[in-house]
>>> print(open('target.csv').read())   # CSV, C-alpha atoms
chain,number,residue,atom,x,y,z
A,1,MET,CA,2.3,18.2,13.4
A,2,LEU,CA,-0.2,19.5,15.9
A,3,THR,CA,-0.9,16.4,18.0
A,4,ARG,CA,0.7,16.8,21.4
A,5,ALA,CA,1.8,14.3,24.1
A,6,VAL,CA,2.4,15.6,27.6
A,7,LYS,CA,3.9,13.3,30.3
A,8,LYS,CA,1.9,13.2,33.6
A,9,GLY,CA,3.3,10.8,36.1
A,10,ASP,CA,3.1,7.2,34.7
A,11,SER,CA,1.0,8.4,31.8
A,12,TYR,CA,1.0,10.4,28.7
A,13,ILE,CA,-1.9,12.7,27.8
A,14,LEU,CA,-2.5,12.9,24.0
A,15,ASP,CA,-4.5,15.7,22.3
A,16,GLY,CA,-5.0,16.2,18.6
A,17,GLU,CA,-6.5,14.9,15.4
A,18,LYS,CA,-5.4,12.6,12.6
A,19,MET,CA,-7.2,12.4,9.2
A,20,TRP,CA,-7.2,9.8,6.4
A,21,ILE,CA,-6.3,6.9,8.6
A,22,THR,CA,-6.8,3.6,6.8
A,23,ASN,CA,-8.7,1.1,8.9
A,24,GLY,CA,-9.1,3.7,11.6
A,25,THR,CA,-12.5,2.5,12.7
A,26,ILE,CA,-11.8,-1.2,12.8
A,27,ALA,CA,-8.3,-1.1,14.3
A,28,ASP,CA,-7.7,-2.4,17.8
A,29,VAL,CA,-4.6,-0.3,18.3
A,30,ALA,CA,-3.3,2.9,16.6
A,31,LEU,CA,0.2,4.1,16.4
A,32,ILE,CA,0.0,7.9,17.0
A,33,TRP,CA,2.9,10.2,16.2
A,34,ALA,CA,2.9,13.2,18.5
A,35,LYS,CA,5.2,16.1,19.6
A,36,GLY,CA,6.3,16.1,23.2
A,37,GLU,CA,7.0,19.1,25.3
A,38,ASP,CA,10.6,19.1,23.9
A,39,GLU,CA,9.1,19.4,20.4
A,40,LYS,CA,10.4,16.0,19.4
A,41,VAL,CA,8.2,13.6,17.6
A,42,ARG,CA,7.5,10.2,19.3
A,43,GLY,CA,5.3,7.2,18.7
A,44,PHE,CA,2.5,6.1,21.0
A,45,LEU,CA,0.3,3.1,21.0
A,46,VAL,CA,-3.3,3.9,21.7
A,47,GLU,CA,-5.8,1.1,22.2
A,48,LYS,CA,-9.3,1.1,21.0
A,49,GLY,CA,-11.7,2.0,23.8
A,50,THR,CA,-9.3,4.4,25.5
A,51,PRO,CA,-11.3,7.3,26.9
A,52,GLY,CA,-10.9,10.4,24.8
A,53,LEU,CA,-10.2,8.5,21.6
A,54,LYS,CA,-12.8,8.8,18.8
A,55,ALA,CA,-12.8,7.4,15.3
A,56,TRP,CA,-15.2,8.0,12.5
A,57,THR,CA,-15.5,6.8,9.0
A,58,ILE,CA,-15.0,9.3,6.1
A,59,HIS,CA,-17.8,8.8,3.6
A,60,GLY,CA,-18.3,10.1,0.1
A,61,LYS,CA,-15.0,8.9,-1.4
A,62,HIS,CA,-14.7,8.5,-5.1
A,63,SER,CA,-11.4,6.7,-4.6
A,64,LEU,CA,-10.3,3.6,-2.6
A,65,ARG,CA,-14.0,2.9,-2.0
A,66,ALA,CA,-13.2,-0.7,-1.0
A,67,SER,CA,-11.1,0.5,1.9
A,68,ILE,CA,-12.0,2.0,5.2
A,69,THR,CA,-10.7,5.6,5.8
A,70,ALA,CA,-11.2,7.3,9.1
A,71,GLY,CA,-10.6,10.3,11.2
A,72,LEU,CA,-9.2,10.0,14.7
A,73,SER,CA,-9.4,12.5,17.5
A,74,MET,CA,-7.8,12.4,20.9
A,75,THR,CA,-9.1,14.6,23.7
A,76,ALA,CA,-7.2,14.3,27.0
A,77,CYS,CA,-6.5,10.8,25.9
A,78,LYS,CA,-4.6,9.1,28.8
A,79,ILE,CA,-2.3,6.2,28.0
A,80,PRO,CA,0.2,4.3,30.1
A,81,ALA,CA,3.8,5.6,29.8
A,82,GLY,CA,4.8,2.1,28.7
A,83,ASN,CA,3.0,2.7,25.4
A,84,LEU,CA,5.7,5.1,24.2
A,85,LEU,CA,8.0,3.6,21.6
A,86,PRO,CA,11.3,4.2,23.4
A,87,GLY,CA,13.7,3.3,20.6
A,88,VAL,CA,13.1,6.3,18.3
A,89,GLU,CA,12.5,10.0,18.5
A,90,GLY,CA,12.3,12.7,15.9
A,91,LEU,CA,11.2,12.1,12.3
A,92,ARG,CA,13.3,9.0,11.8
A,93,GLY,CA,10.4,6.9,13.2
A,94,PRO,CA,7.6,8.0,11.0
A,95,LEU,CA,9.9,8.3,8.0
A,96,SER,CA,11.2,4.8,8.3
A,97,CYS,CA,7.6,3.6,8.3
A,98,LEU,CA,6.9,5.7,5.2
A,99,ASP,CA,9.9,4.1,3.4
A,100,GLN,CA,8.5,0.7,4.0
A,101,ALA,CA,5.0,1.7,2.8
A,102,ARG,CA,6.3,3.6,-0.2
A,103,TYR,CA,8.3,0.6,-1.3
A,104,GLY,CA,5.1,-1.6,-1.4
A,105,ILE,CA,3.3,1.1,-3.3
A,106,GLY,CA,6.0,1.3,-5.9
A,107,TRP,CA,5.4,-2.4,-6.7
A,108,GLY,CA,1.6,-2.3,-6.2
A,109,ALA,CA,1.2,0.4,-8.9
A,110,ILE,CA,2.7,-2.0,-11.5
A,111,GLY,CA,-0.2,-4.4,-10.7
A,112,ALA,CA,-2.8,-1.7,-11.3
A,113,ALA,CA,-1.1,-0.7,-14.5
A,114,MET,CA,-0.9,-4.3,-15.7
A,115,ALA,CA,-4.6,-4.8,-15.0
A,116,CYS,CA,-5.5,-1.7,-17.1
A,117,TYR,CA,-3.1,-2.5,-19.9
A,118,ASP,CA,-4.3,-6.1,-20.1
A,119,THR,CA,-7.9,-5.0,-20.2
A,120,ALA,CA,-7.2,-2.3,-22.9
A,121,LEU,CA,-5.1,-4.7,-25.0
A,122,THR,CA,-7.8,-7.4,-24.9
A,123,TYR,CA,-10.5,-4.9,-25.7
A,124,ALA,CA,-8.6,-3.3,-28.6
A,125,LYS,CA,-8.1,-6.6,-30.3
A,126,GLN,CA,-11.8,-7.5,-30.1
A,127,ARG,CA,-13.5,-4.2,-30.7
A,128,LYS,CA,-14.1,-3.5,-34.4
A,129,GLN,CA,-14.5,-0.1,-35.9
A,130,PHE,CA,-14.0,1.4,-39.4
A,131,GLU,CA,-14.2,-1.3,-42.1
A,132,ASN,CA,-14.8,-3.9,-39.4
A,133,ARG,CA,-11.2,-3.9,-38.3
A,134,PRO,CA,-10.1,-4.2,-34.6
A,135,ILE,CA,-9.1,-0.9,-33.2
A,136,ALA,CA,-5.8,-2.5,-32.2
A,137,SER,CA,-4.9,-2.2,-35.9
A,138,HIS,CA,-5.1,1.6,-35.8
A,139,GLN,CA,-1.9,3.5,-35.4
A,140,LEU,CA,-3.0,5.8,-32.6
A,141,VAL,CA,-4.3,2.9,-30.5
A,142,GLN,CA,-1.1,1.1,-31.0
A,143,GLU,CA,0.8,4.1,-30.0
A,144,LYS,CA,-1.0,4.1,-26.6
A,145,LEU,CA,-0.6,0.4,-26.1
A,146,VAL,CA,3.2,0.6,-26.9
A,147,TRP,CA,3.6,3.5,-24.5
A,148,MET,CA,1.9,1.4,-21.8
A,149,ILE,CA,4.0,-1.7,-22.2
A,150,THR,CA,7.2,0.3,-22.4
A,151,GLU,CA,6.4,2.2,-19.2
A,152,ILE,CA,5.3,-1.0,-17.4
A,153,THR,CA,8.6,-2.7,-18.4
A,154,LYS,CA,10.7,0.2,-17.2
A,155,ALA,CA,8.7,0.3,-13.9
A,156,GLN,CA,9.3,-3.5,-13.4
A,157,LEU,CA,13.1,-3.0,-13.8
A,158,LEU,CA,13.1,0.0,-11.4
A,159,ALA,CA,11.1,-1.9,-8.8
A,160,LEU,CA,13.3,-5.0,-9.0
A,161,GLN,CA,16.5,-3.0,-8.7
A,162,VAL,CA,15.2,-1.1,-5.6
A,163,GLY,CA,14.1,-4.4,-4.2
A,164,ARG,CA,17.5,-6.0,-4.8
A,165,LEU,CA,19.2,-3.0,-3.1
A,166,LYS,CA,16.8,-3.3,-0.2
A,167,ASP,CA,17.5,-7.0,0.2
A,168,GLN,CA,21.3,-6.2,0.2
A,169,GLY,CA,20.8,-3.4,2.8
A,170,ARG,CA,22.0,-0.8,0.3
A,171,VAL,CA,18.7,1.0,-0.5
A,172,HIS,CA,18.5,4.8,0.1
A,173,ALA,CA,15.3,6.6,0.9
A,174,THR,CA,15.7,8.5,-2.4
A,175,HIS,CA,15.7,5.3,-4.4
A,176,ILE,CA,12.4,4.4,-2.8
A,177,SER,CA,11.1,7.9,-3.6
A,178,MET,CA,12.0,7.4,-7.3
A,179,LEU,CA,10.2,4.1,-7.3
A,180,LYS,CA,7.0,5.5,-5.8
A,181,MET,CA,7.1,8.7,-7.9
A,182,ASN,CA,7.7,7.0,-11.2
A,183,ASN,CA,5.6,3.9,-10.9
A,184,VAL,CA,2.4,5.5,-9.5
A,185,TRP,CA,2.7,8.2,-12.2
A,186,MET,CA,3.0,5.7,-15.0
A,187,ALA,CA,0.1,3.6,-13.5
A,188,ARG,CA,-2.1,6.7,-13.3
A,189,GLU,CA,-1.3,7.6,-16.9
A,190,ILE,CA,-1.9,4.1,-18.1
A,191,ALA,CA,-5.3,3.9,-16.3
A,192,ARG,CA,-6.4,7.0,-18.1
A,193,MET,CA,-5.1,5.8,-21.5
A,194,ALA,CA,-6.9,2.4,-21.0
A,195,ARG,CA,-10.1,4.2,-20.2
A,196,GLU,CA,-9.8,6.2,-23.4
A,197,ILE,CA,-9.2,3.0,-25.5
A,198,LEU,CA,-12.3,1.4,-24.0
A,199,GLY,CA,-14.4,4.5,-24.8
A,200,ALA,CA,-17.8,4.5,-23.0
A,201,ASN,CA,-17.2,0.9,-21.9
A,202,GLY,CA,-14.3,2.2,-19.8
A,203,ILE,CA,-16.6,4.2,-17.5
A,204,VAL,CA,-18.7,1.3,-16.2
A,205,ASP,CA,-17.5,-1.0,-13.5
A,206,ASP,CA,-17.8,-4.1,-15.7
A,207,THR,CA,-14.2,-3.4,-16.4
A,208,CYS,CA,-11.6,-2.5,-13.8
A,209,VAL,CA,-10.0,0.5,-15.4
A,210,MET,CA,-12.0,3.4,-13.9
A,211,ARG,CA,-11.9,1.8,-10.4
A,212,HIS,CA,-8.1,1.6,-10.8
A,213,MET,CA,-8.0,5.1,-12.3
A,214,ASN,CA,-9.9,6.6,-9.3
A,215,ASN,CA,-7.9,4.6,-6.8
A,216,LEU,CA,-4.6,5.8,-8.3
A,217,GLU,CA,-5.6,9.4,-7.8
A,218,SER,CA,-5.3,8.7,-4.0
A,219,VAL,CA,-2.1,6.7,-4.4
A,220,TYR,CA,-0.6,9.5,-6.5
A,221,THR,CA,-0.7,11.9,-3.5
A,222,TYR,CA,-0.6,9.6,-0.4
A,223,GLU,CA,2.6,8.5,1.3
A,224,GLY,CA,4.4,11.6,-0.1
A,225,THR,CA,2.9,13.3,-3.1
A,226,HIS,CA,4.5,13.0,-6.6
A,227,ASP,CA,5.9,16.5,-6.2
A,228,ILE,CA,7.4,15.9,-2.7
A,229,HIS,CA,9.3,12.9,-4.1
A,230,LYS,CA,10.7,15.1,-6.8
A,231,LEU,CA,12.0,17.4,-4.0
A,232,ILE,CA,13.4,14.5,-2.0
A,233,ILE,CA,15.4,13.3,-5.1
A,234,GLY,CA,16.2,16.9,-6.1
A,235,GLU,CA,17.9,17.5,-2.7
A,236,ARG,CA,19.9,14.3,-3.1
A,237,ILE,CA,21.3,15.1,-6.5
A,238,THR,CA,21.9,18.9,-6.0
A,239,GLY,CA,22.6,19.2,-2.4
A,240,PHE,CA,20.0,22.0,-2.1
A,241,SER,CA,16.8,21.6,-0.1
A,242,ALA,CA,13.9,23.1,-2.0
A,243,PHE,CA,11.0,22.2,0.3
A,244,VAL,CA,10.4,25.8,1.4
B,1,MET,CA,-12.8,-15.9,-15.3
B,2,PRO,CA,-9.6,-16.8,-17.0
B,3,SER,CA,-6.6,-16.3,-14.7
B,4,PHE,CA,-4.2,-13.4,-15.4
B,5,GLY,CA,-1.2,-14.4,-17.5
B,6,SER,CA,1.6,-12.0,-17.2
B,7,VAL,CA,2.8,-8.7,-18.6
B,8,ASP,CA,6.4,-9.5,-19.5
B,9,PHE,CA,7.8,-7.9,-22.6
B,10,LEU,CA,11.5,-8.0,-21.7
B,11,GLU,CA,11.9,-11.5,-20.1
B,12,PHE,CA,11.5,-9.9,-16.7
B,13,ASP,CA,10.7,-13.3,-15.2
B,14,SER,CA,14.2,-14.5,-16.1
B,15,LEU,CA,15.4,-12.0,-13.4
B,16,LEU,CA,13.3,-13.6,-10.7
B,17,SER,CA,14.2,-16.6,-8.5
B,18,ASP,CA,11.9,-19.6,-8.1
B,19,GLU,CA,10.9,-18.4,-4.7
B,20,GLU,CA,10.0,-15.0,-6.1
B,21,LYS,CA,7.9,-16.6,-8.8
B,22,LEU,CA,6.2,-18.8,-6.3
B,23,ALA,CA,5.3,-15.8,-4.1
B,24,ARG,CA,3.8,-14.0,-7.1
B,25,LYS,CA,1.9,-17.2,-8.2
B,26,THR,CA,0.4,-17.6,-4.7
B,27,ALA,CA,-0.8,-14.0,-4.6
B,28,ARG,CA,-1.9,-14.0,-8.3
B,29,GLN,CA,-4.1,-17.1,-7.7
B,30,PHE,CA,-5.6,-15.5,-4.5
B,31,VAL,CA,-6.5,-12.3,-6.4
B,32,ASP,CA,-8.0,-14.2,-9.3
B,33,GLU,CA,-10.0,-16.6,-7.2
B,34,LYS,CA,-11.0,-14.5,-4.2
B,35,VAL,CA,-10.6,-10.8,-4.9
B,36,LEU,CA,-11.8,-10.2,-8.5
B,37,PRO,CA,-15.1,-11.9,-8.1
B,38,ILE,CA,-16.1,-9.7,-5.1
B,39,ILE,CA,-14.2,-6.4,-5.5
B,40,VAL,CA,-16.7,-4.6,-7.7
B,41,ARG,CA,-19.5,-5.2,-5.2
B,42,HIS,CA,-17.3,-3.8,-2.4
B,43,ASP,CA,-16.3,-0.9,-4.5
B,44,ARG,CA,-20.0,-0.1,-5.3
B,45,GLU,CA,-21.1,-0.4,-1.7
B,46,GLY,CA,-18.0,1.3,-0.2
B,47,THR,CA,-17.1,-1.6,2.0
B,48,PHE,CA,-13.8,-3.2,2.8
B,49,PRO,CA,-13.6,-7.0,2.0
B,50,ILE,CA,-12.8,-7.9,5.6
B,51,GLU,CA,-13.7,-11.5,4.8
B,52,LEU,CA,-10.4,-11.8,2.9
B,53,VAL,CA,-8.2,-11.0,5.9
B,54,PRO,CA,-8.0,-14.4,7.5
B,55,GLU,CA,-6.8,-16.0,4.3
B,56,MET,CA,-4.4,-13.2,3.6
B,57,ALA,CA,-3.0,-13.8,7.1
B,58,GLN,CA,-2.7,-17.5,6.4
B,59,LEU,CA,-0.9,-16.9,3.2
B,60,GLY,CA,1.7,-14.8,5.1
B,61,PHE,CA,0.9,-11.5,3.4
B,62,PHE,CA,1.0,-9.4,6.6
B,63,GLY,CA,4.5,-8.2,7.6
B,64,ALA,CA,5.7,-10.5,4.9
B,65,ASN,CA,9.2,-9.0,4.6
B,66,LEU,CA,9.9,-8.7,8.3
B,67,LYS,CA,11.9,-11.2,10.4
B,68,GLY,CA,10.6,-13.2,13.2
B,69,TYR,CA,7.3,-13.2,15.0
B,70,GLY,CA,5.9,-15.9,12.8
B,71,CYS,CA,5.9,-13.7,9.7
B,72,ALA,CA,6.6,-15.2,6.3
B,73,GLU,CA,10.1,-13.7,6.2
B,74,MET,CA,9.9,-13.0,2.5
B,75,SER,CA,12.6,-11.1,0.8
B,76,ASN,CA,11.8,-7.6,-0.3
B,77,VAL,CA,11.4,-8.7,-3.9
B,78,GLU,CA,9.0,-11.5,-2.9
B,79,TYR,CA,7.1,-9.0,-0.9
B,80,GLY,CA,7.1,-6.6,-3.8
B,81,VAL,CA,5.6,-9.1,-6.3
B,82,VAL,CA,2.9,-9.9,-3.7
B,83,MET,CA,2.0,-6.2,-3.5
B,84,GLN,CA,1.9,-6.0,-7.3
B,85,GLU,CA,-0.6,-8.8,-7.4
B,86,LEU,CA,-2.8,-7.4,-4.6
B,87,GLU,CA,-3.0,-4.0,-6.3
B,88,ARG,CA,-3.9,-5.7,-9.5
B,89,GLY,CA,-6.9,-6.6,-7.5
B,90,ASP,CA,-7.5,-3.2,-5.9
B,91,SER,CA,-5.3,-0.4,-4.4
B,92,GLY,CA,-7.5,-0.5,-1.3
B,93,LEU,CA,-6.6,-4.1,-0.6
B,94,ARG,CA,-2.9,-3.5,-1.2
B,95,SER,CA,-3.1,-0.5,1.1
B,96,PHE,CA,-4.6,-2.6,3.9
B,97,VAL,CA,-1.6,-4.9,3.7
B,98,SER,CA,1.3,-2.4,2.9
B,99,VAL,CA,0.3,0.8,4.7
B,100,GLN,CA,-1.2,-0.4,8.0
B,101,PHE,CA,0.0,-2.2,11.0
B,102,THR,CA,-3.3,-2.1,12.8
B,103,HIS,CA,-5.5,-5.2,12.6
B,104,SER,CA,-9.1,-6.0,12.8
B,105,ALA,CA,-10.4,-8.1,15.7
B,106,ARG,CA,-11.3,-10.8,13.3
B,107,THR,CA,-7.7,-11.1,12.1
B,108,ARG,CA,-6.4,-11.6,15.6
B,109,ARG,CA,-9.0,-14.3,16.3
B,110,ASN,CA,-7.6,-16.3,13.4
B,111,LYS,CA,-5.1,-18.3,15.4
B,112,SER,CA,-3.7,-20.2,12.5
B,113,GLY,CA,-2.6,-17.1,10.7
B,114,CYS,CA,0.1,-14.6,11.2
B,115,ARG,CA,-1.0,-11.7,13.2
B,116,CYS,CA,1.7,-9.3,12.4
B,117,CYS,CA,2.3,-6.8,9.7
B,118,ASN,CA,4.8,-4.2,8.6
B,119,ARG,CA,4.4,-1.4,11.1
B,120,ALA,CA,3.7,-3.8,13.9
B,121,LYS,CA,7.1,-5.4,13.3
B,122,ARG,CA,8.7,-2.1,12.9
B,123,LEU,CA,7.3,-1.2,16.2
B,124,ALA,CA,8.8,-4.3,17.7
B,125,ALA,CA,12.2,-3.4,16.2
B,126,LEU,CA,12.1,0.1,17.6
B,127,GLY,CA,10.6,-0.7,21.0
B,128,SER,CA,12.4,-2.0,24.0
B,129,PRO,CA,11.8,-5.5,25.4
B,130,ASN,CA,9.9,-3.9,28.3
B,131,LEU,CA,7.3,-2.3,26.0
B,132,ASN,CA,4.0,-4.1,26.2
B,133,LEU,CA,3.4,-5.2,22.6
B,134,ALA,CA,1.4,-8.3,23.6
B,135,ARG,CA,-1.5,-7.2,21.5
B,136,ILE,CA,0.5,-6.9,18.3
B,137,PRO,CA,3.3,-9.1,17.3
B,138,ALA,CA,2.7,-12.4,19.1
B,139,PRO,CA,4.3,-15.3,17.3
B,140,CYS,CA,1.8,-17.4,15.5
>>> encode(input="target.csv", output="structure tokens")
Amino acid sequence: MLTRAVKKGDSYILDGEKMWITNGTIADVALIWAKGEDEKVRGFLVEKGTPGLKAWTIHGKHSLRASITAGLSMTACKIPAGNLLPGVEGLRGPLSCLDQARYGIGWGAIGAAMACYDTALTYAKQRKQFENRPIASHQLVQEKLVWMITEITKAQLLALQVGRLKDQGRVHATHISMLKMNNVWMAREIARMAREILGANGIVDDTCVMRHMNNLESVYTYEGTHDIHKLIIGERITGFSAFV
Amino acid sequence: MPSFGSVDFLEFDSLLSDEEKLARKTARQFVDEKVLPIIVRHDREGTFPIELVPEMAQLGFFGANLKGYGCAEMSNVEYGVVMQELERGDSGLRSFVSVQFTHSARTRRNKSGCRCCNRAKRLAALGSPNLNLARIPAPC
């Protein structure tokens, strides 16, 4: 983390840059994580219009197109000392936010997968090929559809158990990692498989599959990449950190 | 457009409470009626459907699983099934709700809706009573 916060009287001076900030150009307030002079990470609220704060929209995305993504830069950005989040320091603050977001993503991916599966199943039952038979009657198409429904079913049960544990206050960050890792992976695979079943029809936006497929490319790597979640779980079960 | 049924091979719904099914039904209907008819246009044009934000606020989708501040106080499972339905619409829409705490000015002007969301509430939990959070988690 390169963004810095230096205390000066009753203010903090923030310097640094953040990328890939959803809603960054329409937000009224941003929560900025920055390192202090003691090298500890803390959270700061920065209001829109604060001198030194700039936000710009990132254009040219092939994914999450119906979402605003921005870059933020802070140059000698002066904020009141009261905008510091006093209850947390170190990585616990941002990581607890990530847990919350990753949990939502783990469930959300099921929705994208369901939309793609439903579209592929409907199409496969209607589209006729070879002796005027629906392609759903072909073995290799059934194999794909069965793989999809099996993975969706497993993903539902995983999400529900993590949710129940969260409601009981017993969830561990590594449980949420498994949820995010598995469910986004299965949704990404299902979107590609659905596109394949739809053939050329899958590449136009009359159907939802390629939009979901492109969106899921982002979801696969944001809020902790697929690989990072493997390392988080790997450390939990082996006791060895393999991050570096 | 016919409404989305369900994808339920293993009687998953039998594991859900009535409240959880109601939360999902509310979000499902919202996605079918309000999101799916417009999302392709937004995806083509590269725009966020900001016009949906006031209704999502009214439905309690923001900060839905957090306590107090006028939020919907859904359980984590209720919140989960709502996220599922929103992402059935579009990942960008679900991202708006699940990843962000920041809000558009338009949201805050919607006095009848909840103005909070996940990270805003987390901020409130982490912050001291002296911290000036007047702009974020005001009760609705």
>>> residues_around(input="target.csv", residues="Ala120 (chain A)", least_positions_apart="6", cutoff="9 Å", atoms="all atoms listed in the file", output="PDB file with C-alpha atoms, keeping the file's coordinate frame")
ATOM      1  CA  LEU A 145      -0.600   0.400 -26.100  1.00  0.00           C
ATOM      2  CA  MET A 193      -5.100   5.800 -21.500  1.00  0.00           C
ATOM      3  CA  ALA A 194      -6.900   2.400 -21.000  1.00  0.00           C
ATOM      4  CA  ARG A 195     -10.100   4.200 -20.200  1.00  0.00           C
ATOM      5  CA  GLU A 196      -9.800   6.200 -23.400  1.00  0.00           C
ATOM      6  CA  ILE A 197      -9.200   3.000 -25.500  1.00  0.00           C
ATOM      7  CA  LEU A 198     -12.300   1.400 -24.000  1.00  0.00           C
ATOM      8  CA  GLY A 202     -14.300   2.200 -19.800  1.00  0.00           C
ATOM      9  CA  VAL A 209     -10.000   0.500 -15.400  1.00  0.00           C
TER      10      VAL A 209
END
>>> interface_residues(input="target.csv", of="chain A", to="chain B", cutoff="8 Å", atoms="all atoms listed in the file", output="PyMOL selection string")
chain A and resi 22-23+26-31+64-68+82-88+97+100-101+103-105+107-115+118+149+153+156-157+159-160+163-164+166-167+205+211-212+215-216+219
>>> residues_around(input="target.csv", residues="Thr57 (chain A)", least_positions_apart="5", cutoff="9 Å", atoms="only C-alpha atoms", output="ChimeraX atom specification")
/A:23-25,68-71
>>> atom_distance(input="target.csv", atom1="CA of Leu231 (chain A)", atom2="CA of Trp147 (chain A)")
26.2 Å
>>> residues_near_point(input="target.csv", point="(1.0, 13.3, 16.0)", cutoff="10 Å", atoms="only C-alpha atoms", output="NGL selection string")
:A and (1-5 or 14-18 or 31-36 or 41-44 or 94)
>>> closest_residue(input="target.csv", among="A:Glu39, A:Glu143, A:Asp206, A:Glu223", to="Trp20 (chain A)", atoms="all atoms listed in the file")
A:Glu223
>>> residues_near_point(input="target.csv", point="(11.5, 16.4, -6.5)", cutoff="10 Å", atoms="all atoms listed in the file", output="ChimeraX atom specification")
/A:174,177-178,181,225-237,241-243
>>> atom_distance(input="target.csv", atom1="CA of Ala76 (chain A)", atom2="CA of Tyr12 (chain A)")
9.2 Å
>>> atom_distance(input="target.csv", atom1="CA of Gln142 (chain A)", atom2="CA of Leu158 (chain A)")
24.2 Å
>>> decode(input="target.csv", residues="region 37-53 of chain B", atoms="N, CA and C atoms", output="mmCIF file, in the first residue's frame")
data_model
loop_
_atom_site.group_PDB
_atom_site.id
_atom_site.type_symbol
_atom_site.label_atom_id
_atom_site.label_comp_id
_atom_site.auth_asym_id
_atom_site.auth_seq_id
_atom_site.Cartn_x
_atom_site.Cartn_y
_atom_site.Cartn_z
ATOM 1 N N PRO B 37 -35.272 -5.605 -18.198
ATOM 2 C CA PRO B 37 -35.672 -4.840 -19.393
ATOM 3 C C PRO B 37 -34.688 -3.736 -19.792
ATOM 4 N N ILE B 38 -33.828 -3.277 -18.878
ATOM 5 C CA ILE B 38 -32.970 -2.127 -19.203
ATOM 6 C C ILE B 38 -31.471 -2.437 -19.199
ATOM 7 N N ILE B 39 -31.104 -3.612 -18.699
ATOM 8 C CA ILE B 39 -29.684 -3.828 -18.423
ATOM 9 C C ILE B 39 -28.844 -3.945 -19.705
ATOM 10 N N VAL B 40 -29.441 -4.463 -20.765
ATOM 11 C CA VAL B 40 -28.667 -4.614 -22.008
ATOM 12 C C VAL B 40 -28.297 -3.241 -22.574
ATOM 13 N N ARG B 41 -29.243 -2.302 -22.486
ATOM 14 C CA ARG B 41 -28.958 -0.940 -22.968
ATOM 15 C C ARG B 41 -27.810 -0.328 -22.164
ATOM 16 N N HIS B 42 -27.869 -0.484 -20.848
ATOM 17 C CA HIS B 42 -26.792 0.068 -20.018
ATOM 18 C C HIS B 42 -25.452 -0.612 -20.316
ATOM 19 N N ASP B 43 -25.512 -1.921 -20.546
ATOM 20 C CA ASP B 43 -24.272 -2.649 -20.840
ATOM 21 C C ASP B 43 -23.683 -2.167 -22.169
ATOM 22 N N ARG B 44 -24.546 -1.962 -23.152
ATOM 23 C CA ARG B 44 -24.065 -1.470 -24.455
ATOM 24 C C ARG B 44 -23.461 -0.082 -24.333
ATOM 25 N N GLU B 45 -24.159 0.769 -23.578
ATOM 26 C CA GLU B 45 -23.736 2.169 -23.493
ATOM 27 C C GLU B 45 -22.675 2.397 -22.426
ATOM 28 N N GLY B 46 -22.432 1.399 -21.627
ATOM 29 C CA GLY B 46 -21.420 1.539 -20.574
ATOM 30 C C GLY B 46 -21.847 2.493 -19.476
ATOM 31 N N THR B 47 -23.122 2.398 -19.082
ATOM 32 C CA THR B 47 -23.647 3.293 -18.042
ATOM 33 C C THR B 47 -24.230 2.483 -16.890
ATOM 34 N N PHE B 48 -24.163 3.047 -15.707
ATOM 35 C CA PHE B 48 -24.744 2.395 -14.537
ATOM 36 C C PHE B 48 -26.215 2.783 -14.417
ATOM 37 N N PRO B 49 -27.095 1.831 -14.149
ATOM 38 C CA PRO B 49 -28.535 2.152 -14.048
ATOM 39 C C PRO B 49 -28.872 2.855 -12.736
ATOM 40 N N ILE B 50 -28.442 4.100 -12.642
ATOM 41 C CA ILE B 50 -28.587 4.832 -11.375
ATOM 42 C C ILE B 50 -30.051 5.051 -11.027
ATOM 43 N N GLU B 51 -30.912 4.982 -12.058
ATOM 44 C CA GLU B 51 -32.334 5.182 -11.798
ATOM 45 C C GLU B 51 -32.928 4.088 -10.906
ATOM 46 N N LEU B 52 -32.204 2.970 -10.760
ATOM 47 C CA LEU B 52 -32.708 1.871 -9.930
ATOM 48 C C LEU B 52 -32.394 2.060 -8.451
ATOM 49 N N VAL B 53 -31.490 3.000 -8.159
ATOM 50 C CA VAL B 53 -30.989 3.112 -6.774
ATOM 51 C C VAL B 53 -32.080 3.471 -5.762
#
